[in-house]
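Novice: Just so it is clear, I am handing over query-v3.tsv, which has TSV, C-alpha atoms and all ligand atoms.
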```tsv
chain	number	residue	atom	x	y	z
A	62	MET	CA	-18.89	3.58	17.01
A	63	SER	CA	-18.17	5.29	13.75
A	64	ARG	CA	-18.94	4.44	10.17
A	65	VAL	CA	-15.95	3.97	7.88
A	66	VAL	CA	-15.82	3.74	4.08
A	67	VAL	CA	-12.79	1.92	2.65
A	68	THR	CA	-12.24	2.29	-1.10
A	69	GLY	CA	-10.10	-0.57	-2.40
A	70	GLY	CA	-11.22	-2.47	0.70
A	71	ALA	CA	-10.98	-5.88	-1.00
A	72	GLY	CA	-7.27	-5.42	-1.71
A	73	PHE	CA	-4.26	-6.28	0.41
A	74	LEU	CA	-4.09	-3.22	2.69
A	75	GLY	CA	-7.80	-2.40	2.38
A	76	SER	CA	-8.84	-5.83	3.64
A	77	HIS	CA	-6.64	-5.44	6.72
A	78	LEU	CA	-8.20	-2.02	7.35
A	79	CYS	CA	-11.75	-3.42	7.04
A	80	GLU	CA	-10.88	-6.25	9.42
A	81	THR	CA	-9.27	-3.88	11.94
A	82	TYR	CA	-12.12	-1.38	12.03
A	83	VAL	CA	-14.82	-4.07	12.27
A	84	ALA	CA	-12.87	-5.80	15.08
A	85	ALA	CA	-12.69	-2.46	16.91
A	86	GLY	CA	-16.51	-2.24	16.86
A	87	HIS	CA	-17.00	0.14	13.94
A	88	GLU	CA	-19.21	-0.23	10.90
A	89	VAL	CA	-17.38	-0.60	7.58
A	90	VAL	CA	-18.57	-0.12	4.01
A	91	CYS	CA	-16.05	-1.62	1.61
A	92	LEU	CA	-16.11	-0.30	-1.98
A	93	ASP	CA	-14.14	-2.23	-4.59
A	94	ASN	CA	-14.36	-3.14	-8.26
A	95	PHE	CA	-12.06	-6.19	-7.80
A	96	LEU	CA	-9.60	-4.92	-10.40
A	97	THR	CA	-6.60	-6.16	-8.41
A	98	GLY	CA	-8.40	-7.34	-5.26
A	99	THR	CA	-10.93	-10.06	-4.56
A	100	PRO	CA	-14.00	-10.57	-2.36
A	101	GLU	CA	-12.18	-13.55	-0.83
A	102	ASN	CA	-9.90	-11.09	0.97
A	103	VAL	CA	-12.82	-9.92	3.11
A	104	ALA	CA	-14.95	-13.09	3.10
A	105	HIS	CA	-13.84	-13.95	6.65
A	106	ILE	CA	-15.20	-10.64	8.00
A	107	GLY	CA	-18.84	-11.16	7.08
A	108	PRO	CA	-21.64	-11.81	7.24
A	109	SER	CA	-21.90	-9.11	9.84
A	110	ASP	CA	-24.31	-6.26	10.32
A	111	ARG	CA	-21.23	-4.08	10.73
A	112	PHE	CA	-19.62	-4.99	7.38
A	113	ARG	CA	-20.88	-4.45	3.86
A	114	LEU	CA	-19.05	-5.08	0.59
A	115	VAL	CA	-20.37	-3.15	-2.40
A	116	ARG	CA	-18.99	-3.70	-5.87
A	117	THR	CA	-18.23	-0.16	-7.01
A	118	ASP	CA	-15.85	1.44	-9.47
A	119	VAL	CA	-14.98	4.67	-7.67
A	120	THR	CA	-14.13	6.31	-10.99
A	121	ASP	CA	-17.85	6.04	-11.94
A	122	TYR	CA	-19.62	7.52	-8.97
A	123	VAL	CA	-19.56	6.93	-5.24
A	124	HIS	CA	-22.78	6.73	-3.32
A	125	VAL	CA	-23.07	5.63	0.28
A	126	GLY	CA	-26.35	6.09	2.14
A	127	GLY	CA	-26.39	7.28	5.75
A	128	PRO	CA	-23.73	8.96	7.84
A	129	VAL	CA	-20.01	8.47	7.23
A	130	ASP	CA	-17.30	9.53	9.71
A	131	LEU	CA	-14.18	8.44	7.87
A	132	VAL	CA	-13.23	7.76	4.23
A	133	LEU	CA	-10.05	5.75	3.65
A	134	HIS	CA	-9.19	6.09	-0.05
A	135	PHE	CA	-7.07	3.02	-0.82
A	136	ALA	CA	-8.40	2.07	-4.27
A	137	SER	CA	-5.58	1.86	-6.84
A	138	PRO	CA	-3.44	-0.78	-8.47
A	139	ALA	CA	-0.26	-0.78	-6.38
A	140	SER	CA	2.19	-3.35	-7.67
A	141	PRO	CA	4.42	-2.26	-10.57
A	142	ILE	CA	3.17	-5.16	-12.73
A	143	ASP	CA	-0.44	-4.14	-12.09
A	144	TYR	CA	-0.05	-0.45	-12.82
A	145	LEU	CA	2.09	-1.09	-15.88
A	146	ASN	CA	-0.70	-3.35	-17.20
A	147	LEU	CA	-3.44	-0.93	-16.10
A	148	PRO	CA	-2.02	2.54	-16.80
A	149	ILE	CA	-5.30	4.30	-17.62
A	150	GLU	CA	-7.20	2.69	-14.74
A	151	THR	CA	-4.37	3.74	-12.40
A	152	LEU	CA	-4.46	7.35	-13.59
A	153	LYS	CA	-8.25	7.45	-13.40
A	154	VAL	CA	-8.57	6.07	-9.90
A	155	GLY	CA	-5.87	8.43	-8.64
A	156	SER	CA	-7.53	11.44	-10.27
A	157	VAL	CA	-11.27	10.98	-10.91
A	158	GLY	CA	-11.56	8.37	-8.15
A	159	THR	CA	-9.91	10.72	-5.66
A	160	PHE	CA	-12.35	13.53	-6.58
A	161	HIS	CA	-15.24	11.15	-5.92
A	162	ALA	CA	-13.85	9.87	-2.61
A	163	LEU	CA	-13.19	13.46	-1.51
A	164	GLY	CA	-16.68	14.45	-2.64
A	165	LEU	CA	-18.11	11.71	-0.43
A	166	ALA	CA	-16.07	12.96	2.55
A	167	ARG	CA	-17.15	16.54	1.88
A	168	HIS	CA	-20.82	15.65	1.56
A	169	LYS	CA	-20.78	13.58	4.77
A	170	GLY	CA	-18.49	15.86	6.78
A	171	ALA	CA	-16.11	12.92	7.19
A	172	ARG	CA	-12.37	12.78	7.77
A	173	PHE	CA	-10.50	11.60	4.66
A	174	VAL	CA	-7.22	9.68	4.44
A	175	LEU	CA	-5.45	9.28	1.11
A	176	ALA	CA	-3.22	6.24	0.58
A	177	SER	CA	-0.31	7.97	-1.11
A	178	THR	CA	3.06	6.37	-1.60
A	179	SER	CA	6.80	6.63	-1.25
A	180	GLU	CA	6.74	6.63	-5.07
A	181	VAL	CA	6.00	10.36	-4.90
A	182	TYR	CA	9.72	10.62	-4.07
A	183	GLY	CA	10.55	8.76	-7.31
A	184	ASP	CA	14.21	7.75	-7.56
A	185	PRO	CA	15.17	9.88	-4.56
A	186	GLN	CA	18.23	12.06	-4.36
A	187	VAL	CA	17.74	12.66	-0.65
A	188	HIS	CA	18.18	9.70	1.67
A	189	PRO	CA	16.32	8.82	3.85
A	190	GLN	CA	13.26	10.65	2.57
A	191	PRO	CA	11.57	13.23	4.85
A	192	GLU	CA	8.11	14.56	3.98
A	193	THR	CA	9.69	17.88	3.04
A	194	TYR	CA	11.51	16.31	0.08
A	195	TRP	CA	9.78	17.07	-3.24
A	196	GLY	CA	10.94	13.97	-5.05
A	197	HIS	CA	12.58	13.04	-8.31
A	198	VAL	CA	9.94	11.57	-10.60
A	199	ASN	CA	9.99	10.92	-14.35
A	200	PRO	CA	6.44	11.75	-15.50
A	201	VAL	CA	6.93	10.08	-18.90
A	202	GLY	CA	8.71	6.95	-17.65
A	203	PRO	CA	6.73	3.72	-17.21
A	204	ARG	CA	6.15	4.35	-13.49
A	205	GLY	CA	4.83	7.86	-14.19
A	206	VAL	CA	1.24	6.59	-14.41
A	207	TYR	CA	1.34	5.60	-10.75
A	208	ASP	CA	3.68	8.24	-9.34
A	209	GLU	CA	1.93	11.16	-11.01
A	210	ALA	CA	-1.55	9.83	-10.18
A	211	LYS	CA	-0.56	9.81	-6.51
A	212	ARG	CA	1.10	13.22	-6.70
A	213	PHE	CA	-2.08	14.57	-8.31
A	214	ALA	CA	-4.20	12.85	-5.63
A	215	GLU	CA	-2.12	14.59	-2.94
A	216	ALA	CA	-2.66	17.97	-4.62
A	217	VAL	CA	-6.43	17.44	-4.92
A	218	SER	CA	-6.65	16.36	-1.28
A	219	LEU	CA	-4.88	19.53	-0.19
A	220	ALA	CA	-7.11	21.69	-2.41
A	221	TYR	CA	-10.24	20.16	-0.84
A	222	ARG	CA	-8.76	20.84	2.59
A	223	GLN	CA	-7.79	24.43	1.91
A	224	THR	CA	-10.68	25.47	-0.34
A	225	LEU	CA	-13.58	23.40	0.92
A	226	GLY	CA	-12.54	22.68	4.50
A	227	VAL	CA	-12.53	18.89	4.17
A	228	ASP	CA	-10.58	17.26	7.03
A	229	THR	CA	-8.00	15.50	4.84
A	230	ALA	CA	-4.82	13.59	5.60
A	231	ILE	CA	-2.13	12.21	3.31
A	232	ALA	CA	-0.33	8.98	4.24
A	233	ARG	CA	2.86	8.28	2.27
A	234	ILE	CA	3.08	4.52	2.53
A	235	PHE	CA	6.41	2.72	2.02
A	236	ASN	CA	6.78	-0.91	0.89
A	237	THR	CA	4.48	-3.02	3.03
A	238	PHE	CA	4.13	-6.79	3.02
A	239	GLY	CA	2.12	-9.50	4.70
A	240	PRO	CA	-0.69	-12.02	4.33
A	241	ARG	CA	-3.15	-11.55	1.43
A	242	MET	CA	-0.62	-10.16	-1.02
A	243	ARG	CA	-1.15	-11.93	-4.32
A	244	PRO	CA	1.78	-14.34	-4.80
A	245	ASN	CA	1.91	-13.40	-8.47
A	246	ASP	CA	1.48	-9.65	-8.09
A	247	GLY	CA	5.13	-9.21	-9.03
A	248	ARG	CA	6.22	-7.36	-5.91
A	249	ALA	CA	9.53	-8.53	-4.50
A	250	ILE	CA	8.45	-10.21	-1.26
A	251	PRO	CA	5.50	-12.29	-2.53
A	252	ASN	CA	7.51	-13.18	-5.63
A	253	PHE	CA	10.53	-14.30	-3.62
A	254	ILE	CA	8.37	-16.33	-1.21
A	255	ARG	CA	6.46	-18.06	-4.02
A	256	GLN	CA	9.68	-18.87	-5.89
A	257	ALA	CA	11.46	-20.08	-2.73
A	258	LEU	CA	8.55	-22.29	-1.63
A	259	ARG	CA	8.43	-23.86	-5.08
A	260	GLY	CA	12.21	-24.35	-5.15
A	261	GLU	CA	12.38	-22.22	-8.28
A	262	PRO	CA	15.08	-19.65	-9.07
A	263	VAL	CA	14.58	-16.43	-7.10
A	264	THR	CA	14.65	-13.50	-9.52
A	265	VAL	CA	16.70	-10.53	-8.34
A	266	ALA	CA	16.59	-7.44	-10.55
A	267	GLY	CA	19.93	-5.93	-11.58
A	268	ASP	CA	22.70	-6.76	-9.14
A	269	GLY	CA	20.27	-6.50	-6.22
A	270	SER	CA	22.16	-3.62	-4.61
A	271	GLN	CA	19.10	-1.34	-4.79
A	272	THR	CA	17.46	-0.96	-1.41
A	273	ARG	CA	13.97	-1.01	0.01
A	274	SER	CA	12.71	-0.58	3.56
A	275	VAL	CA	9.95	-3.03	4.30
A	276	CYS	CA	7.14	-2.81	6.84
A	277	TYR	CA	4.95	-5.61	8.15
A	278	VAL	CA	1.28	-4.96	7.44
A	279	ASP	CA	0.09	-4.85	11.09
A	280	ASP	CA	2.45	-1.96	11.83
A	281	LEU	CA	1.34	-0.06	8.73
A	282	ILE	CA	-2.34	-0.50	9.60
A	283	ALA	CA	-1.66	0.78	13.13
A	284	GLY	CA	-0.05	3.84	11.54
A	285	VAL	CA	-3.03	4.48	9.26
A	286	VAL	CA	-5.46	4.08	12.17
A	287	ALA	CA	-3.38	6.51	14.26
A	288	LEU	CA	-3.32	9.05	11.43
A	289	ALA	CA	-7.05	8.65	10.79
A	290	GLY	CA	-7.77	9.16	14.50
A	291	SER	CA	-5.67	12.34	14.68
A	292	SER	CA	-6.24	15.74	13.17
A	293	GLU	CA	-2.87	15.72	11.37
A	294	PRO	CA	-3.05	16.69	7.70
A	295	GLY	CA	0.20	14.99	6.69
A	296	PRO	CA	1.86	14.20	4.46
A	297	MET	CA	2.95	11.52	6.90
A	298	ASN	CA	5.53	8.87	6.02
A	299	LEU	CA	4.42	5.45	7.23
A	300	GLY	CA	6.90	2.62	6.86
A	301	ASN	CA	9.63	0.69	8.61
A	302	PRO	CA	13.06	2.35	8.25
A	303	HIS	CA	14.72	-1.12	8.26
A	304	GLU	CA	16.55	-0.78	4.92
A	305	LEU	CA	18.07	-3.69	3.06
A	306	ALA	CA	19.48	-4.51	-0.35
A	307	VAL	CA	17.09	-6.50	-2.53
A	308	LEU	CA	19.71	-9.26	-2.91
A	309	ASP	CA	19.94	-9.60	0.88
A	310	LEU	CA	16.14	-9.68	1.07
A	311	ALA	CA	16.06	-12.52	-1.49
A	312	ARG	CA	18.71	-14.51	0.43
A	313	TRP	CA	16.86	-13.95	3.70
A	314	VAL	CA	13.58	-15.24	2.23
A	315	ILE	CA	15.34	-18.32	0.81
A	316	GLU	CA	16.84	-19.04	4.25
A	317	LEU	CA	13.57	-18.52	6.14
A	318	CYS	CA	11.74	-20.79	3.65
A	319	ASP	CA	14.46	-23.41	4.15
A	320	SER	CA	14.56	-23.56	0.36
A	321	PRO	CA	17.09	-25.01	-2.09
A	322	SER	CA	16.41	-22.12	-4.50
A	323	GLU	CA	19.28	-20.21	-6.09
A	324	VAL	CA	19.28	-16.51	-6.89
A	325	VAL	CA	19.18	-15.58	-10.59
A	326	PHE	CA	19.75	-12.06	-11.83
A	327	VAL	CA	17.21	-10.56	-14.24
A	328	PRO	CA	17.11	-7.16	-15.96
A	329	ARG	CA	16.31	-4.21	-13.75
A	330	PRO	CA	12.99	-2.47	-14.59
A	331	VAL	CA	13.22	1.02	-16.12
A	332	ASP	CA	13.33	3.81	-13.50
A	333	ASP	CA	13.50	1.29	-10.64
A	334	PRO	CA	14.41	3.49	-7.63
A	335	SER	CA	17.94	2.85	-6.32
A	336	VAL	CA	17.26	3.54	-2.66
A	337	ARG	CA	14.25	4.02	-0.45
A	338	GLN	CA	13.96	4.61	3.28
A	339	PRO	CA	11.36	6.56	5.22
A	340	ASP	CA	12.30	9.24	7.68
A	341	THR	CA	9.57	8.50	10.23
A	342	THR	CA	10.38	11.30	12.69
A	343	ARG	CA	7.10	13.09	11.97
A	344	ALA	CA	4.93	10.02	12.60
A	345	ALA	CA	6.86	9.32	15.80
A	346	GLU	CA	6.51	12.88	17.10
A	347	ARG	CA	2.95	13.63	16.04
A	348	LEU	CA	1.29	10.21	16.23
A	349	GLY	CA	3.56	8.41	18.70
A	350	TRP	CA	3.76	5.70	16.05
A	351	HIS	CA	6.70	3.36	15.59
A	352	PRO	CA	6.80	0.09	13.69
A	353	ALA	CA	7.10	-2.64	16.32
A	354	ILE	CA	7.34	-5.91	14.41
A	355	PRO	CA	10.86	-6.92	13.35
A	356	VAL	CA	11.18	-7.63	9.63
A	357	GLU	CA	12.22	-11.24	10.31
A	358	GLU	CA	9.08	-11.85	12.36
A	359	GLY	CA	6.97	-10.29	9.60
A	360	LEU	CA	8.63	-12.42	6.95
A	361	ARG	CA	8.05	-15.57	9.03
A	362	ARG	CA	4.35	-14.74	9.46
A	363	THR	CA	3.98	-14.01	5.74
A	364	ILE	CA	5.77	-17.21	4.73
A	365	ASP	CA	3.53	-19.18	7.14
A	366	TRP	CA	0.47	-17.64	5.51
A	367	PHE	CA	1.67	-18.57	2.03
A	368	ARG	CA	2.40	-22.11	3.28
A	369	THR	CA	-1.14	-22.45	4.62
A	370	HIS	CA	-2.54	-21.29	1.27
A	371	PRO	CA	-0.77	-23.68	-1.11
A	372	GLU	CA	-3.47	-23.16	-3.73
A	373	LEU	CA	-2.17	-19.60	-4.14
A	374	VAL	CA	1.48	-20.51	-4.41
A	401	LIG	P1	-4.15	-3.91	-3.95
A	401	LIG	O1	-4.00	-3.96	-5.43
A	401	LIG	O2	-4.10	-5.20	-3.19
A	401	LIG	O3	-5.49	-3.16	-3.53
A	401	LIG	C1	-6.05	-2.13	-4.28
A	401	LIG	C2	-7.55	-2.35	-4.31
A	401	LIG	O4	-8.16	-1.26	-5.04
A	401	LIG	C3	-7.96	-3.63	-5.05
A	401	LIG	O5	-8.86	-4.37	-4.26
A	401	LIG	C4	-8.61	-3.12	-6.34
A	401	LIG	O6	-9.57	-4.01	-6.83
A	401	LIG	C5	-9.18	-1.80	-5.86
A	401	LIG	N1	-9.45	-0.85	-6.95
A	401	LIG	C6	-8.61	-0.46	-7.95
A	401	LIG	N2	-9.22	0.42	-8.76
A	401	LIG	C7	-10.48	0.60	-8.26
A	401	LIG	C8	-11.60	1.39	-8.65
A	401	LIG	N3	-11.55	2.17	-9.74
A	401	LIG	N4	-12.73	1.32	-7.91
A	401	LIG	C9	-12.79	0.53	-6.80
A	401	LIG	N5	-11.75	-0.23	-6.38
A	401	LIG	C10	-10.61	-0.20	-7.09
A	401	LIG	O7	-3.00	-2.92	-3.42
A	401	LIG	P2	-2.52	-2.58	-1.95
A	401	LIG	O8	-1.10	-3.00	-1.81
A	401	LIG	O9	-3.51	-3.06	-0.96
A	401	LIG	O10	-2.54	-1.00	-2.00
A	401	LIG	C11	-3.66	-0.27	-1.50
A	401	LIG	C12	-3.37	1.22	-1.56
A	401	LIG	O11	-2.20	1.55	-0.81
A	401	LIG	C13	-3.12	1.73	-2.97
A	401	LIG	O12	-3.72	3.00	-3.12
A	401	LIG	C14	-1.62	1.83	-3.05
A	401	LIG	O13	-1.21	2.82	-3.97
A	401	LIG	C15	-1.26	2.21	-1.61
A	401	LIG	N6	0.11	1.81	-1.29
A	401	LIG	C16	0.41	0.50	-1.03
A	401	LIG	C17	1.73	0.15	-0.71
A	401	LIG	C18	2.12	-1.27	-0.40
A	401	LIG	O14	3.30	-1.53	-0.13
A	401	LIG	N7	1.24	-2.23	-0.36
A	401	LIG	C19	2.73	1.13	-0.70
A	401	LIG	C20	2.37	2.44	-0.99
A	401	LIG	C21	1.05	2.78	-1.27
A	402	LIG	N1	12.43	-7.06	-7.57
A	402	LIG	C1	13.28	-8.10	-7.78
A	402	LIG	N2	12.75	-9.31	-8.15
A	402	LIG	C2	11.43	-9.54	-8.28
A	402	LIG	C3	10.54	-8.45	-8.03
A	402	LIG	C4	11.07	-7.22	-7.68
A	402	LIG	O1	14.50	-7.96	-7.63
A	402	LIG	O2	11.03	-10.66	-8.61
A	402	LIG	C5	13.00	-5.76	-7.17
A	402	LIG	C6	12.49	-4.55	-7.93
A	402	LIG	O3	13.20	-4.36	-9.13
A	402	LIG	C7	12.77	-3.45	-6.92
A	402	LIG	C8	12.52	-4.14	-5.57
A	402	LIG	O4	12.65	-5.53	-5.82
A	402	LIG	O5	14.11	-3.03	-6.99
A	402	LIG	C9	11.15	-3.87	-4.96
A	402	LIG	O6	10.18	-4.10	-5.96
A	402	LIG	P1	8.61	-4.11	-5.66
A	402	LIG	O7	7.95	-4.41	-6.95
A	402	LIG	O8	8.33	-4.98	-4.51
A	402	LIG	O9	8.27	-2.63	-5.17
A	402	LIG	P2	8.71	-1.16	-5.63
A	402	LIG	O10	9.40	-0.67	-4.43
A	402	LIG	O11	9.64	-1.22	-6.81
A	402	LIG	O12	7.43	-0.49	-5.94
```
Starting from the file, lay out its structure as structure tokens.
Ligand code: NAD
Ligand code: UDP

Specialist:
Amino acid sequence: MSRVVVTGGAGFLGSHLCETYVAAGHEVVCLDNFLTGTPENVAHIGPSDRFRLVRTDVTDYVHVGGPVDLVLHFASPASPIDYLNLPIETLKVGSVGTFHALGLARHKGARFVLASTSEVYGDPQVHPQPETYWGHVNPVGPRGVYDEAKRFAEAVSLAYRQTLGVDTAIARIFNTFGPRMRPNDGRAIPNFIRQALRGEPVTVAGDGSQTRSVCYVDDLIAGVVALAGSSEPGPMNLGNPHELAVLDLARWVIELCDSPSEVVFVPRPVDDPSVRQPDTTRAAERLGWHPAIPVEEGLRRTIDWFRTHPELV
């Protein structure tokens, strides 16, 4: 058994990580300030002597008593609406918060995994994106607060590895979806599902020809667990290479929801990336990891979850 600290553990991905590690017999300490997450996301895990939720802002200070084997640093607003509303918090958690999470790992001699993002590639000019691509990011555009915070977090993680010998890893996570996303968090899939289930117009940005490659949460969590359990430093792309146009994604969700909704076209956000697709060769070769759940199956499971939580929709 090992002892795992998950920052941002009450969020969408963090809650799945907490659940997975507790189910595998480990002890989990979940640190979260509930900025964009909620204790309800982990309420089903406890009470358990192997799970503890501690309200903590990781930009203040991080203290965890006792031994720690693994720190998973997932705290950060992640949806464009959230980080556009919370620009300073996003920059702080990616910078100061990352120093603190790394400091915890250093002090405890723990492995450290940073939740970085495909956004480090910005609006990419190389397609699909391998880890060797440096990216195409506008630091002073609206998304800069998130993209640059994550790029900084990657640089700090590497500095702690090279200078202080901390066993760090960088996961570059591509668009992931599944149960426990907030229906109103503004990201495409929860938005489309909420709109389709309500029979409201489904809002597609621009002409919907921009692409995303979407990964079901269980696959992503398996990738993070594999990376955490390895000695790979990364960066490691984790995502499902299944690429589709946003308009096709909207139509697919409408069909799977058996909804009368129509598509409406709304203005495209500034600096919205035109294409995005992970090159997952490295994760396949070094971790033996491949996403296994077809996107349609993932969408069906997510829609079922939203249907069984009508109070959220
Ligand atoms: P989320 O908003 O659901 O979860 C983030 C969690 O971090 C929330 O519970 C929030 O309350 C917490 N948090 C924020 N600031 C904090 C602070 N200062 N102290 C303590 N807790 C804090 O988002 P998510 O989709 O679960 O994303 C989790 C991580 O994965 C983020 O770092 C995000 O950048 C990264 N990521 C997610 C995706 C995706 O598709 N979901 C893609 C790429 C990267
Ligand atoms: N999008 C959309 N309608 C919505 C929400 C998002 O067309 O209601 C588009 C958005 O402009 C982007 C894509 O869907 O092109 C994915 O957006 P999301 O916010 O999910 O993630 P991103 O990859 O941009 O971080």

Novice: Of the residues A:His134, A:Arg255, A:Arg362, A:His168, which is the one nearest to ligand LIG 402 (chain A), using all atoms listed in the file?

Specialist: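 The answer is A:Arg255, which sits nearest to ligand LIG 402 (chain A).
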
Novice: Would you pick out the contacts of Gly69 of chain A at 7 Å or less, using only C-alpha atoms, so that residues sharing its chain but fewer than 6 positions from it are not included, and give the list as a PyMOL selection string?

Specialist: chain A and resi 75+92-93+135-137

Novice: Can you list every residue of chain A that has an atom at most 6 Å from ligand LIG 402 (chain A), with its nearest atom pair and the distance in Å to one decimal, using only C-alpha atoms and all ligand atoms, ordered by chain then number, as JSON lines?

Specialist:
```
{"residue": "A:Ser140", "atom": "CA", "partner": "A:LIG402", "partner_atom": "O7", "distance": 5.9}
{"residue": "A:Pro141", "atom": "CA", "partner": "A:LIG402", "partner_atom": "O7", "distance": 5.5}
{"residue": "A:Asn236", "atom": "CA", "partner": "A:LIG402", "partner_atom": "O10", "distance": 5.9}
{"residue": "A:Gly247", "atom": "CA", "partner": "A:LIG402", "partner_atom": "C3", "distance": 5.6}
{"residue": "A:Arg248", "atom": "CA", "partner": "A:LIG402", "partner_atom": "O8", "distance": 3.5}
{"residue": "A:Ala249", "atom": "CA", "partner": "A:LIG402", "partner_atom": "C3", "distance": 3.7}
{"residue": "A:Asn252", "atom": "CA", "partner": "A:LIG402", "partner_atom": "O2", "distance": 5.3}
{"residue": "A:Thr264", "atom": "CA", "partner": "A:LIG402", "partner_atom": "O2", "distance": 4.7}
{"residue": "A:Val265", "atom": "CA", "partner": "A:LIG402", "partner_atom": "O1", "distance": 3.5}
{"residue": "A:Ala266", "atom": "CA", "partner": "A:LIG402", "partner_atom": "O1", "distance": 3.6}
{"residue": "A:Gln271", "atom": "CA", "partner": "A:LIG402", "partner_atom": "O5", "distance": 5.7}
{"residue": "A:Val307", "atom": "CA", "partner": "A:LIG402", "partner_atom": "O4", "distance": 5.6}
{"residue": "A:Arg329", "atom": "CA", "partner": "A:LIG402", "partner_atom": "O3", "distance": 5.6}
{"residue": "A:Pro330", "atom": "CA", "partner": "A:LIG402", "partner_atom": "O3", "distance": 5.8}
{"residue": "A:Asp333", "atom": "CA", "partner": "A:LIG402", "partner_atom": "O5", "distance": 5.7}
```

Novice: Check which residues fall inside 8 Å of ligand LIG 401 (chain A) when counting only C-alpha atoms and all ligand atoms, and print them as an mmCIF file with C-alpha atoms, in the frame of the given file.

Specialist:
```
data_model
loop_
_atom_site.group_PDB
_atom_site.id
_atom_site.type_symbol
_atom_site.label_atom_id
_atom_site.label_comp_id
_atom_site.auth_asym_id
_atom_site.auth_seq_id
_atom_site.Cartn_x
_atom_site.Cartn_y
_atom_site.Cartn_z
ATOM 1 C CA THR A 68 -12.240 2.290 -1.100
ATOM 2 C CA GLY A 69 -10.100 -0.570 -2.400
ATOM 3 C CA GLY A 70 -11.220 -2.470 0.700
ATOM 4 C CA ALA A 71 -10.980 -5.880 -1.000
ATOM 5 C CA GLY A 72 -7.270 -5.420 -1.710
ATOM 6 C CA PHE A 73 -4.260 -6.280 0.410
ATOM 7 C CA LEU A 74 -4.090 -3.220 2.690
ATOM 8 C CA GLY A 75 -7.800 -2.400 2.380
ATOM 9 C CA SER A 76 -8.840 -5.830 3.640
ATOM 10 C CA LEU A 92 -16.110 -0.300 -1.980
ATOM 11 C CA ASP A 93 -14.140 -2.230 -4.590
ATOM 12 C CA ASN A 94 -14.360 -3.140 -8.260
ATOM 13 C CA PHE A 95 -12.060 -6.190 -7.800
ATOM 14 C CA LEU A 96 -9.600 -4.920 -10.400
ATOM 15 C CA THR A 97 -6.600 -6.160 -8.410
ATOM 16 C CA GLY A 98 -8.400 -7.340 -5.260
ATOM 17 C CA THR A 99 -10.930 -10.060 -4.560
ATOM 18 C CA ARG A 116 -18.990 -3.700 -5.870
ATOM 19 C CA THR A 117 -18.230 -0.160 -7.010
ATOM 20 C CA ASP A 118 -15.850 1.440 -9.470
ATOM 21 C CA VAL A 119 -14.980 4.670 -7.670
ATOM 22 C CA THR A 120 -14.130 6.310 -10.990
ATOM 23 C CA ASP A 121 -17.850 6.040 -11.940
ATOM 24 C CA HIS A 134 -9.190 6.090 -0.050
ATOM 25 C CA PHE A 135 -7.070 3.020 -0.820
ATOM 26 C CA ALA A 136 -8.400 2.070 -4.270
ATOM 27 C CA SER A 137 -5.580 1.860 -6.840
ATOM 28 C CA PRO A 138 -3.440 -0.780 -8.470
ATOM 29 C CA ALA A 139 -0.260 -0.780 -6.380
ATOM 30 C CA SER A 140 2.190 -3.350 -7.670
ATOM 31 C CA ASP A 143 -0.440 -4.140 -12.090
ATOM 32 C CA GLU A 150 -7.200 2.690 -14.740
ATOM 33 C CA THR A 151 -4.370 3.740 -12.400
ATOM 34 C CA LYS A 153 -8.250 7.450 -13.400
ATOM 35 C CA VAL A 154 -8.570 6.070 -9.900
ATOM 36 C CA GLY A 158 -11.560 8.370 -8.150
ATOM 37 C CA LEU A 175 -5.450 9.280 1.110
ATOM 38 C CA ALA A 176 -3.220 6.240 0.580
ATOM 39 C CA SER A 177 -0.310 7.970 -1.110
ATOM 40 C CA THR A 178 3.060 6.370 -1.600
ATOM 41 C CA SER A 179 6.800 6.630 -1.250
ATOM 42 C CA GLU A 180 6.740 6.630 -5.070
ATOM 43 C CA TYR A 207 1.340 5.600 -10.750
ATOM 44 C CA LYS A 211 -0.560 9.810 -6.510
ATOM 45 C CA ARG A 233 2.860 8.280 2.270
ATOM 46 C CA ILE A 234 3.080 4.520 2.530
ATOM 47 C CA PHE A 235 6.410 2.720 2.020
ATOM 48 C CA ASN A 236 6.780 -0.910 0.890
ATOM 49 C CA THR A 237 4.480 -3.020 3.030
ATOM 50 C CA PHE A 238 4.130 -6.790 3.020
ATOM 51 C CA ARG A 241 -3.150 -11.550 1.430
ATOM 52 C CA MET A 242 -0.620 -10.160 -1.020
ATOM 53 C CA ARG A 243 -1.150 -11.930 -4.320
#
```

Novice: One decimal, Å: what's the distance from atom CA of Gln190 of chain A over to atom CA of Arg337 of chain A, could you say?

Specialist: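 Calculated distance between atom CA of Gln190 of chain A and atom CA of Arg337 of chain A is 7.4 Å.
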
Novice: Env of Asp319 of chain A: 10 Å cut, atoms = all atoms listed in the file, seq-sep filter 6 positions within chain, self excluded. Answer as number ranges by chain.

Specialist: A: 257-258, 260, 313

Novice: Leu225 of chain A: which residues within 12 Å, counting only C-alpha atoms, same-chain residues fewer than 6 positions away excluded, as a PDB file with C-alpha atoms, in the frame of the given file?

Specialist:
```
ATOM      1  CA  LEU A 163     -13.190  13.460  -1.510  1.00  0.00           C
ATOM      2  CA  GLY A 164     -16.680  14.450  -2.640  1.00  0.00           C
ATOM      3  CA  ALA A 166     -16.070  12.960   2.550  1.00  0.00           C
ATOM      4  CA  ARG A 167     -17.150  16.540   1.880  1.00  0.00           C
ATOM      5  CA  HIS A 168     -20.820  15.650   1.560  1.00  0.00           C
ATOM      6  CA  GLY A 170     -18.490  15.860   6.780  1.00  0.00           C
ATOM      7  CA  VAL A 217      -6.430  17.440  -4.920  1.00  0.00           C
ATOM      8  CA  SER A 218      -6.650  16.360  -1.280  1.00  0.00           C
ATOM      9  CA  LEU A 219      -4.880  19.530  -0.190  1.00  0.00           C
TER      10      LEU A 219
END
```
